[in-house]
Amino acid sequence: MSELSAQLPAAKPKLQLARFRDLALVPAILVLLVVGFIVSPIFLTAGNLLDVVQQQTELGLVVLAEALILIAGRIDLSLESTVGFAPALAVALIVPASSHGLGVGLPEWTAIPLCLLIGALIGLVNGALILKLRLSGFVVTLGMLITIRGVQLGATGGQNLFDLPASVSYLGSATWLGLPASVWITGLLFAVGIVVLGFFRQGRALYAIGGNSDAARAAGIRVDRVVWTVLVLGGVLAALAGLLMAGRLGSVAAAQGQNMIFTTFAAAVIGGVSLNGGKGTLFGALCGVLMLGLVQNILTLAHVSPFWYGAINGGIILVALMLSRLTTGKAQD
Amino acid sequence: MSELSAQLPAAKPKLQLARFRDLALVPAILVLLVVGFIVSPIFLTAGNLLDVVQQQTELGLVVLAEALILIAGRIDLSLESTVGFAPALAVALIVPASSHGLGVGLPEWTAIPLCLLIGALIGLVNGALILKLRLSGFVVTLGMLITIRGVQLGATGGQNLFDLPASVSYLGSATWLGLPASVWITGLLFAVGIVVLGFFRQGRALYAIGGNSDAARAAGIRVDRVVWTVLVLGGVLAALAGLLMAGRLGSVAAAQGQNMIFTTFAAAVIGGVSLNGGKGTLFGALCGVLMLGLVQNILTLAHVSPFWYGAINGGIILVALMLSRLTTGKAQD
Amino acid sequence: MTQPAAQARDISKRFGRTLALDGVGITVAEGSTHALVGRNGAGKSTLVSVLTGLNRPDSGQVSFGGEPAPPVEDREAWRRRVACVYQKSTIIPTLTVAENLFINRQALGGGSLISWPRLRRRAAELLDEYAVAVDPAAMAADLTVEQRQLVEIARALSFGTRFIILDEPTAQLDGPAIERLFARMSSLREGGVTFLFISHHLQEIFEICQEVTVFRDARHILTSPVRGLSKEDLVEAMTGEASGLRTEGNRSPVAENLTPVLKVSGLGLPGQFQEVDLAIRPGEVVGIAGSASSGKVALGEAIVGLRKPVHGEVQVSGRRLRPGSVPAALAGGIGFVPQDRHKEGLVAGLSVAENATLPIAHKLGRFGAISPGRRRAVAESMITDLAIKTAGPEQDVAGLSGGNQQKVVMARALADQPSVLVLIDPTAGVDVRSKENLLDAVDRAAGSGTGVLVISDELDDLRPCDRVLVMWHGAVAAEFAAGWTDGELVGAIEGIGESSE
Amino acid sequence: ACNRGTDAATGGGAGPVGIDLPRADSDFWNSYAKYVPQQAKDLGINLMPPTNSQNNVNTLVSNVQTLTNQGAKAVVMAPQDTGAITTTLDRLNQKKIPVITVDTRPDKGGAYMVVRADNKAYGEKACKYLGEQLKGKGKVVEFEGDLSSINGRDRSQAFGDCMKQNYPGITVFAEPTNWEGGKASAALQTDLTANPDINGIYMQAGGVFLAPTLQLLKSTNHLFPAGDPRHITIISNDGIPQEFEAIKQGQIDATVSQPADLYAKWALYYAKAAVEGKSFKPGATDHGSTIVDVGSGQLEDQLPAPLVTKDNVGDSSLWGNQIGK
Ligand SMILES: Nc1ncnc2c1ncn2[C@@H]1O[C@H](COP(=O)(O)OP(=O)(O)OP(=O)(O)O)[C@@H](O)[C@H]1O
Ligand SMILES: Nc1ncnc2c1ncn2[C@@H]1O[C@H](COP(=O)(O)OP(=O)(O)OP(=O)(O)O)[C@@H](O)[C@H]1O
Ligand SMILES: [Mg+2]
Ligand SMILES: [Mg+2]
């Protein structure tokens with residue numbers, strides 16, 4: 001779209017600031033930290049900030065997944081229901097019927113691999129429909145979103161599954177070296193993702209595909225294979241997010257993950273990932289996740305009226321984005 | 001994506017099928033009509049089909065708005081909250097404080113123009129932020145979505161507004177020449193939209209802008225002005241949808257419109273409108289709206305278990321899309 | 001004295017660290033055809049965007065017929081004064097050819113209501129006038145590069161404006177199309193229309209222009225009548241050095257008995273080309289010429305895996321390549337330049353370095369890791385080797401001038417010491433001196449044993465070839481050994497001459 | 001900073017007690033929110049500023065974390081997603097912070113006290129009322145709440161089971177609505193077209209479904225006052241003032257009043273008692289309710305949820321008659 005506009009005068013700061021796009025949220029986050037400190041002395045304590053980080057881990061993983069998919073120029077709405085469906089099915093295959101299971105009674109240790117496998121399968125099916133049948137990705141994953149959430153509701157009768165296998169509960173509550181396991185896992189995966197997307201052929205391929213898939217193909221990148229891999233990976237990450245969430249909340253709620261995709265897109269796009277593909281970084285996306293978490297935490301600490309919560313929340317987000325626009329001087333898209 | 005393959009000799013059949021993209025849903029809709037007939041003899045009665053149409057009018061207007069915006073290569077998430085906010089604010093400015101109004105007490109007749117004006121204003125502000133501040137449209141309208149829904153909640157104290165001005169109730173329940181007013185209004189607006197987008201320079205400009213906005217600018221189209229107009233129009237249409245909904249449901253619920261944007265995108269994209277801009281028709285979008293309505297109607301008539309409703313709903317949508325893909329032989333995007 | 005049709009004075013324009021125009025001026029006399037030349041990145045296209053109101057200059061003024069230019073916001077007013085074929089495509093792929101031709105004036109003279117049948121008829125007439133064989137109802141996305149360019153030209157000339165700018169209109173056209181364009185231009189000129197014409201084919205300047213302005217490094221160098229100027233003078237003004245043009249290559253002929261490095265047997269793709277056999281020995285440079293419909297581009301694309309042939313096979317160094325697979329072709333040792341740099345060549349948004357090293361990313365580190373240092377070093381050597389004008393390896397490739405983008409694609413093809421090079425229109429939009437650089441680089445590659453296939457209509461590209469095959473309607477119709485004359489080759493390309501059918 | 005030390009609410013009294021409100025966009029919960037500070041004052045409780053979880057379990061979890069970080073000695077909450085707070089309860093129990101849940105019961109127990117009306121009883125009351133009014137015959141549309149919420153599930157299940165057992169002559173059309181008025185309206189319209197003889201409606205939330213239902217009945221000519229033979233018998237749940245108004249006008253017949261005031265009062269009462277270290281046993285209470293052990297020691301104070309009909313709609317002790325006046 002912007003072939004000619006590349007000639008527009010925005011070019012001036014562009015060169016140096018191209019990489020600042022990823023840092024665009026940093027000033028906004030700093031301002032939020034100051035605001036939070038003014039609002040409440042609790043805010044800047046390690047405990048509170050750690051809480052914020054921990055609460056955002058699951059969203060973080062889903063955003064990680066969506067950011068990968070968006071960078072590769074695709075879209076996946078079904079991640080949201082994978083977050084609920086994958087752990088629900090895995091747990092239901094394990095726990096006895098008395099705990100609302102399906103009565104299959106697989107061994108406990110299978111919980112985590114099973115859940116991740118289910119996530120992978122969903123990604124696989126999405127990939128098949130998109131790449132083999134050449135259906136629109138938005139439409140396929142939308143249908144998938146509705147379908148698998150429906151299957152979850154039908155299969156569990158809307159019941160929460162709360163007899164979690166030990167491994168799942170462990171994941172949700174364990175602390176490793178003083179930090180919650182979920183923080184380690186998410187942090188590590190983001191670190192790996194940032195390195196791979198920044199410095200590995202396989203990661204750069206996503207940018208090439210998202211930026212111009214014909215050119216990527218002509219450069220010898222196996223476009224379909226990479227896209228499929230990313231979709232499967234996305235499913236796995238969403239399933240992992242679901243595991244962490246189940247573990248943290250102590251059950252798989254029938255509505256687990258519901259409406260999450262909206263926040264996911266918000267975080268990714270606020271963080272500079274473009275819906276048109278080929279642009280943005282995982283670091284930016286992570287900043288988006290953290291920003292949303294901080295705003296929410298500050299609003300809670302400030303005890304704003306619940307009636308005005310939404311308005312203030314939206315207002316802060318808008319102001320923060322204008323701030324990041326003005327500090328980096330970069331037009332967004 | 002398929003730019004390379006475009007050079008292949010496929011060009012010939014493609015030509016004729018390019019316009020079939022808009023008709024892609026027609027076979028699927030026909031199949032649904034047959035299925036509906038099998039499910040219930042009531043289904044194919046004029047009364048029932050009219051019900052379906054009437055129930056979809058509000059969604060239809062929002063889809064009309066979103067389709068215009070998408071075709072012009074933009075996106076507006078805030079339409080969803082305009083559906084609630086515009087009528088809520090208009091009504092609150094009119095009804096007395098005892099009916100949860102704001103105590104301003106504007107005259108009753110202002111309800112409809114006021115509501116539409118509020119919708120226009122929201123579009124205007126979105127346009128300013130997107131075009132003047134050059135913020136990302138997704139992010140701006142997301143922030144707007146959260147903010148104005150929040151303002152609605154704050155201003156009304158989360159109360160439903162039950163005492164609607166007579167004009168609003170009238171709109172929601174009047175029948176003109178045997179058809180509900182809302183059906184006339186929506187049908188007429190779609191007809192106008194289809195004609196303008198198909199046969200007027202101003203309408204074609206949307207396609208040009210969405211297809212390649214730099215080229216459109218080079219061709220003398222006032223890109224910014226057109227986009228702004230479309231955003232304002234979108235706000236007005238969403239406000240109108242909100243009016244119809246308030247009239248039909250007899251109150252402005254605090255959550256009116258909530259989660260509607262999702263279905264809106266679904267209908268538009270299923271109907272062949274591309275998220276990348278420049279593609280699709282209003283007729284296609286209308287087919288998308290009707291298809292979703294028919295599926296829902298059939299499920300209601302079939303009295304499927306509420307627990308399996310979602311799964312079956314999603315499944316039908318997926319199958320219908322594969323069908324439309326196979327019958328038109330056109331890859332989607 | 002009449003006012004000049006268009007005049008720009010003291011125009012400066014900066015893009016980030018790049019000063020694209022440095023106080024330049026140009027005066028285009030009413031009724032003349034004025035050439036603008038300069039090396040890649042000299043600032044020609046930037047001036048065009050200023051003269052057409054797409055870009056506001058940092059300083060300086062533009063006037064038309066003595067009147068100051070309208071504000072950039074008033075696009076209609078600009079369009080009344082100047083029509084343009086931009087270097088970058090302004091075709092809207094999602095619309096039909098007919099609509100593209102009449103974009104924003106679909107109602108054909110007043111009013112807003114569009115009559116599609118009338119529009120299609122008018123479009124068909126217009127296309128006929130330029131002998132463009134395209135269905136007006138076709139989607140623009142389905143056109144070939146040449147067809148798109150022709151549509152752009154037809155559109156620009158059809159406005160009825162008195163001043164028309166053509167930014168490298170001929171770079172993607174074959175000979176007959178160029179001839180038709182020039183014929184059309186001269187009849188318009190007789191009607192008093194003024195042209196600003198940009199091209200890297202200097203003989204075209206001498207053929208159709210009366211005056212020429214030369215830019216070098218963002219500055220105005222000279223404006224002079226074309227008559228009395230020699231090609232050497234022009235090149236000297238462009239390059240700033242007095243060395244003459246390159247003489248013919250001095251590679252020694254390739255031994256007959258070497259085993260072919262590229263062997264194409266019975267290759268066929270219905271509708272494009274049939275039963276093509278071809279063998280290229282190490283160090284041999286083979287050209288393929290042919291008109292737009294000859295199937296030469298499709299053949300090249302089939303060899304490199306961009307298309308999947310239905311019949312036959314391709315062998316590189318004796319190994320059969322998996323058909324339709326670019327990775328297989330690259331792994332087999334093919335390097336190539338695709339026809340359309342925007343579509344298949346470059347990823348806008350990524351840096352010059354990254355674009356230049358995309359196919360060799362696996363060589364820049366172990367286990368898929370890419371060492372930024374090594375990438376930078378490789379890219380820097382490419383930038384110096386091919387004299388790519390860029391702010392640095394990290395610049396977004398979208399910010400390069402057209403010719404420099406082409407050089408990046410070329411650098412990439414040469415990057416991996418390929419055993420076979422397939423070059424489709426390799427020098428499109430490249431300036432005279434850079435063209436020599438590129439062809440020298442090809443020569444060097446051939447000298448080290450690479451078999452080269454050049455698919456082009458540019459006689460300059462074909463001249464260094466050991467032999468040139470001419471394709472006609474999907475089959476090889478003639479073969480010329482080195483030493484052919486322009487006339488006989490052009491005749492064969494256009495299907496007059498000794499075509500075998 | 002000028003704000004140090006002001007976060008915990010000042011003043012004497014038991015506490016501080018933290019309270020999280022579930023949502024701000026429903027009349028019922030907004031009334032509850034209004035009663036909370038009044039009751040806290042009456043009970044002499046040092047109440048921290050309430051948080052609001054916006055109907056989102058993640059927000060609830062983080063709100064509770066924040067409340068405890070700020071020194072809450074007891075926490076009152078109304079988790080709409082009852083499975084998803086298991087871990088939170090465990091954590092609070094470890095910290096010896098008692099939890100009172102309102103309206104819903106945590107799936108795995110662990111609350112100091114549950115204060116709720118019995119949602120299964122709502123469904124049953126509605127079933128019995130309709131069954132009797134319709135004399136065991138006819139067709140009834142049921143607007144089911146979100147089936148992934150315990151209240152929607154309990155009401156649906158109890159209503160369905162009761163109908164099946166006691167009134168086999170009544171056909172029930174159970175419509176999934178996700179608590180959305182628009183969905184209910186569309187489903188009712190379709191059902192009425194297909195079955196013009198529908199003679200009963202059960203809506204699981206008056207706040208959401210009342211206006212859409214009445215408006216639809218009106219525009220499709222199905223709205224007749226009670227007494228008219230064509231009248232469709234309607235029973236609702238919630239007890240908001242608009243339902244009372246509709247009962248008075250004969251548009252609907254009954255509602256089960258969910259006691260917002262009592263929720264606030266007794267939740268805070270138990271919070272105070274918990275801070276003071278008191279303990280309770282199953283059995284009748286002094287306020288017309290019973291404390292039940294619902295399993296594994298989880299105590300639940302089941303407050304009375306009166307059926308409101310034309311006969312008692314004027315009762316000024318109903319919360320719906322107290323607000324907005
Ligand atoms: N959008 C942009 N961002 C950054 N630099 C730019 C941009 N557009 C042009 N430039 C730079 O301005 C200079 C002039 O470019 P221009 O396109 O005018 O050259 P040109 O003379 O048309 O070259 P060519 O013959 O290759 O088309 C080049 O160095 C180019 O890199
Ligand atoms: N050469 C330029 N230099 C600086 N800014 C420019 C230039 N050209 C366009 N712009 C800016 O880019 C934006 C788009 O301009 P454009 O000319 O497309 O507007 P438009 O489509 O004519 O709409 P309007 O009706 O608002 O004038 C405007 O904000 C304009 O100010
Ligand atoms: Mg140029
Ligand atoms: Mg050029």
# chains A, B, ... in the order shown; residues from 1 in each chain; ligands from 1
>>> residues_around(residues="Gly283 of chain C", least_positions_apart="3", cutoff="7 Å", atoms="only C-alpha atoms", output="number ranges by chain")
C: 254, 446-451
>>> residues_near_ligand(ligand="ligand 1", cutoff="6 Å", atoms="only C-alpha atoms and all ligand atoms", output="count of residues only")
22
>>> residues_around(residues="Phe262 of chain A", least_positions_apart="3", cutoff="10 Å", atoms="only C-alpha atoms", output="list in words")
Leu77, Glu80, Gln258, Asn259, Phe265, Ala266 and Ala267 of chain A; Leu142, Asn259 and Phe262 of chain B
>>> write_last_selection(atoms="N, CA and C atoms", output="mmCIF file, in the first residue's frame")
data_model
loop_
_atom_site.group_PDB
_atom_site.id
_atom_site.type_symbol
_atom_site.label_atom_id
_atom_site.label_comp_id
_atom_site.auth_asym_id
_atom_site.auth_seq_id
_atom_site.Cartn_x
_atom_site.Cartn_y
_atom_site.Cartn_z
ATOM 1 N N LEU A 77 -7.728 -16.474 14.948
ATOM 2 C CA LEU A 77 -8.656 -16.098 16.005
ATOM 3 C C LEU A 77 -8.890 -17.254 16.961
ATOM 4 N N GLU A 80 -7.912 -18.184 21.009
ATOM 5 C CA GLU A 80 -8.707 -17.926 22.202
ATOM 6 C C GLU A 80 -9.408 -19.185 22.702
ATOM 7 N N GLN A 258 -12.248 -17.030 27.121
ATOM 8 C CA GLN A 258 -13.263 -16.278 26.384
ATOM 9 C C GLN A 258 -12.930 -14.786 26.319
ATOM 10 N N ASN A 259 -13.136 -14.200 25.146
ATOM 11 C CA ASN A 259 -12.863 -12.780 24.892
ATOM 12 C C ASN A 259 -11.390 -12.422 24.963
ATOM 13 N N PHE A 265 -5.064 -9.170 20.412
ATOM 14 C CA PHE A 265 -4.788 -8.276 19.286
ATOM 15 C C PHE A 265 -4.402 -6.901 19.796
ATOM 16 N N ALA A 266 -5.123 -6.453 20.806
ATOM 17 C CA ALA A 266 -4.813 -5.133 21.354
ATOM 18 C C ALA A 266 -3.353 -5.059 21.763
ATOM 19 N N ALA A 267 -2.918 -6.037 22.556
ATOM 20 C CA ALA A 267 -1.544 -6.003 23.053
ATOM 21 C C ALA A 267 -0.557 -6.054 21.895
ATOM 22 N N LEU B 142 -9.762 0.876 18.840
ATOM 23 C CA LEU B 142 -9.814 0.005 20.006
ATOM 24 C C LEU B 142 -9.901 0.839 21.283
ATOM 25 N N ASN B 259 -19.803 -7.111 22.162
ATOM 26 C CA ASN B 259 -19.372 -8.283 21.390
ATOM 27 C C ASN B 259 -19.917 -8.305 19.969
ATOM 28 N N PHE B 262 -17.399 -8.516 16.704
ATOM 29 C CA PHE B 262 -16.902 -9.806 16.283
ATOM 30 C C PHE B 262 -17.786 -10.389 15.188
#
>>> select_by_dssp(residues="segment 84-251 of chain A", states="strand (DSSP E)", output="JSON, numbers by chain")
{"A": [175, 176, 179, 180]}
>>> atom_distance(atom1="atom CA of Phe159 of chain D", atom2="atom CA of Asp103 of chain D")
18.3 Å
>>> interface_residues(of="chain C", to="chain A", cutoff="6 Å", atoms="only C-alpha atoms", output="list of chain:residue names")
C:Phe15, C:Gly16, C:Val326, C:Pro327, C:Glu344, C:Gly345, C:Leu346, C:Val347, C:Pro359, C:Ala361, C:Gly368, C:Ala369, C:Ile370
>>> decode(residues="segment 30-137 of chain A", atoms="C-alpha atoms", output="short mmCIF file (atom, residue, chain, number, x, y, z; two decimals), in the first residue's frame")
data_model
loop_
_atom_site.label_atom_id
_atom_site.label_comp_id
_atom_site.auth_asym_id
_atom_site.auth_seq_id
_atom_site.Cartn_x
_atom_site.Cartn_y
_atom_site.Cartn_z
CA LEU A 30 7.97 4.69 32.12
CA VAL A 31 5.26 7.30 32.50
CA LEU A 32 2.90 4.63 33.74
CA LEU A 33 5.46 3.55 36.32
CA VAL A 34 5.65 7.10 37.61
CA VAL A 35 1.88 7.46 37.64
CA GLY A 36 1.57 4.18 39.48
CA PHE A 37 4.07 5.34 42.07
CA ILE A 38 2.07 8.49 42.65
CA VAL A 39 -1.16 6.52 42.90
CA SER A 40 0.02 4.03 45.47
CA PRO A 41 3.18 3.27 47.41
CA ILE A 42 2.46 -0.42 46.95
CA PHE A 43 2.81 -0.08 43.21
CA LEU A 44 6.54 -0.06 42.86
CA THR A 45 7.15 -2.90 45.30
CA ALA A 46 8.71 -6.02 43.86
CA GLY A 47 5.76 -8.03 45.05
CA ASN A 48 3.23 -5.96 43.19
CA LEU A 49 5.20 -5.75 39.98
CA LEU A 50 5.77 -9.48 40.11
CA ASP A 51 2.04 -9.96 40.51
CA VAL A 52 1.47 -7.89 37.40
CA VAL A 53 3.97 -9.92 35.45
CA GLN A 54 2.56 -13.19 36.66
CA GLN A 55 -1.00 -12.19 35.84
CA GLN A 56 0.06 -11.35 32.31
CA THR A 57 1.94 -14.55 31.58
CA GLU A 58 -0.92 -16.38 29.92
CA LEU A 59 -1.95 -13.40 27.85
CA GLY A 60 1.73 -13.03 27.06
CA LEU A 61 1.97 -16.50 25.61
CA VAL A 62 -1.09 -16.03 23.45
CA VAL A 63 0.25 -12.68 22.27
CA LEU A 64 3.54 -14.37 21.49
CA ALA A 65 1.66 -16.89 19.37
CA GLU A 66 -0.45 -14.27 17.62
CA ALA A 67 2.50 -11.99 17.03
CA LEU A 68 4.38 -14.79 15.26
CA ILE A 69 1.35 -15.49 13.11
CA LEU A 70 0.71 -11.82 12.36
CA ILE A 71 4.33 -11.18 11.47
CA ALA A 72 4.09 -14.03 8.98
CA GLY A 73 1.13 -12.19 7.46
CA ARG A 74 -1.59 -14.47 8.77
CA ILE A 75 -4.21 -14.31 11.49
CA ASP A 76 -5.54 -16.81 13.99
CA LEU A 77 -8.66 -16.10 16.01
CA SER A 78 -9.04 -19.63 17.29
CA LEU A 79 -6.17 -19.25 19.74
CA GLU A 80 -8.71 -17.93 22.20
CA SER A 81 -10.69 -21.11 22.32
CA THR A 82 -7.58 -23.26 22.20
CA VAL A 83 -6.70 -21.69 25.55
CA GLY A 84 -9.81 -23.28 27.00
CA PHE A 85 -10.35 -26.30 24.81
CA ALA A 86 -6.89 -27.87 24.88
CA PRO A 87 -6.54 -28.12 28.66
CA ALA A 88 -10.21 -28.95 29.08
CA LEU A 89 -10.02 -31.88 26.70
CA ALA A 90 -6.71 -33.07 28.08
CA VAL A 91 -8.00 -32.97 31.65
CA ALA A 92 -11.32 -34.53 30.68
CA LEU A 93 -9.46 -37.41 29.07
CA ILE A 94 -7.67 -38.05 32.33
CA VAL A 95 -9.99 -37.41 35.24
CA PRO A 96 -12.79 -39.90 36.02
CA ALA A 97 -16.34 -39.26 34.95
CA SER A 98 -17.20 -38.37 38.53
CA SER A 99 -15.07 -35.25 38.17
CA HIS A 100 -16.84 -34.40 34.90
CA GLY A 101 -14.23 -36.28 32.88
CA LEU A 102 -14.98 -38.24 29.75
CA GLY A 103 -14.24 -41.52 31.52
CA VAL A 104 -11.32 -42.39 29.26
CA GLY A 105 -8.93 -42.32 32.17
CA LEU A 106 -5.57 -41.70 30.51
CA PRO A 107 -2.64 -41.68 32.92
CA GLU A 108 -1.98 -38.46 34.82
CA TRP A 109 1.44 -37.77 33.35
CA THR A 110 -0.02 -37.37 29.88
CA ALA A 111 -1.78 -34.14 30.84
CA ILE A 112 0.83 -31.68 29.64
CA PRO A 113 1.96 -33.43 26.45
CA LEU A 114 -1.63 -34.23 25.60
CA CYS A 115 -2.73 -30.64 25.99
CA LEU A 116 0.12 -29.35 23.84
CA LEU A 117 -0.65 -32.00 21.26
CA ILE A 118 -4.25 -30.89 21.08
CA GLY A 119 -3.10 -27.33 20.54
CA ALA A 120 -0.81 -28.52 17.77
CA LEU A 121 -3.64 -30.45 16.14
CA ILE A 122 -5.87 -27.39 16.06
CA GLY A 123 -3.07 -25.46 14.39
CA LEU A 124 -2.61 -28.31 11.95
CA VAL A 125 -6.25 -28.34 10.95
CA ASN A 126 -6.29 -24.57 10.58
CA GLY A 127 -3.22 -24.85 8.40
CA ALA A 128 -4.78 -27.52 6.23
CA LEU A 129 -7.93 -25.50 5.64
CA ILE A 130 -6.00 -22.31 4.94
CA LEU A 131 -3.15 -23.69 2.87
CA LYS A 132 -4.67 -26.70 1.16
CA LEU A 133 -8.27 -25.61 0.70
CA ARG A 134 -7.16 -21.99 0.27
CA LEU A 135 -9.87 -20.69 2.56
CA SER A 136 -9.52 -17.28 4.15
CA GLY A 137 -7.55 -17.48 7.37
#
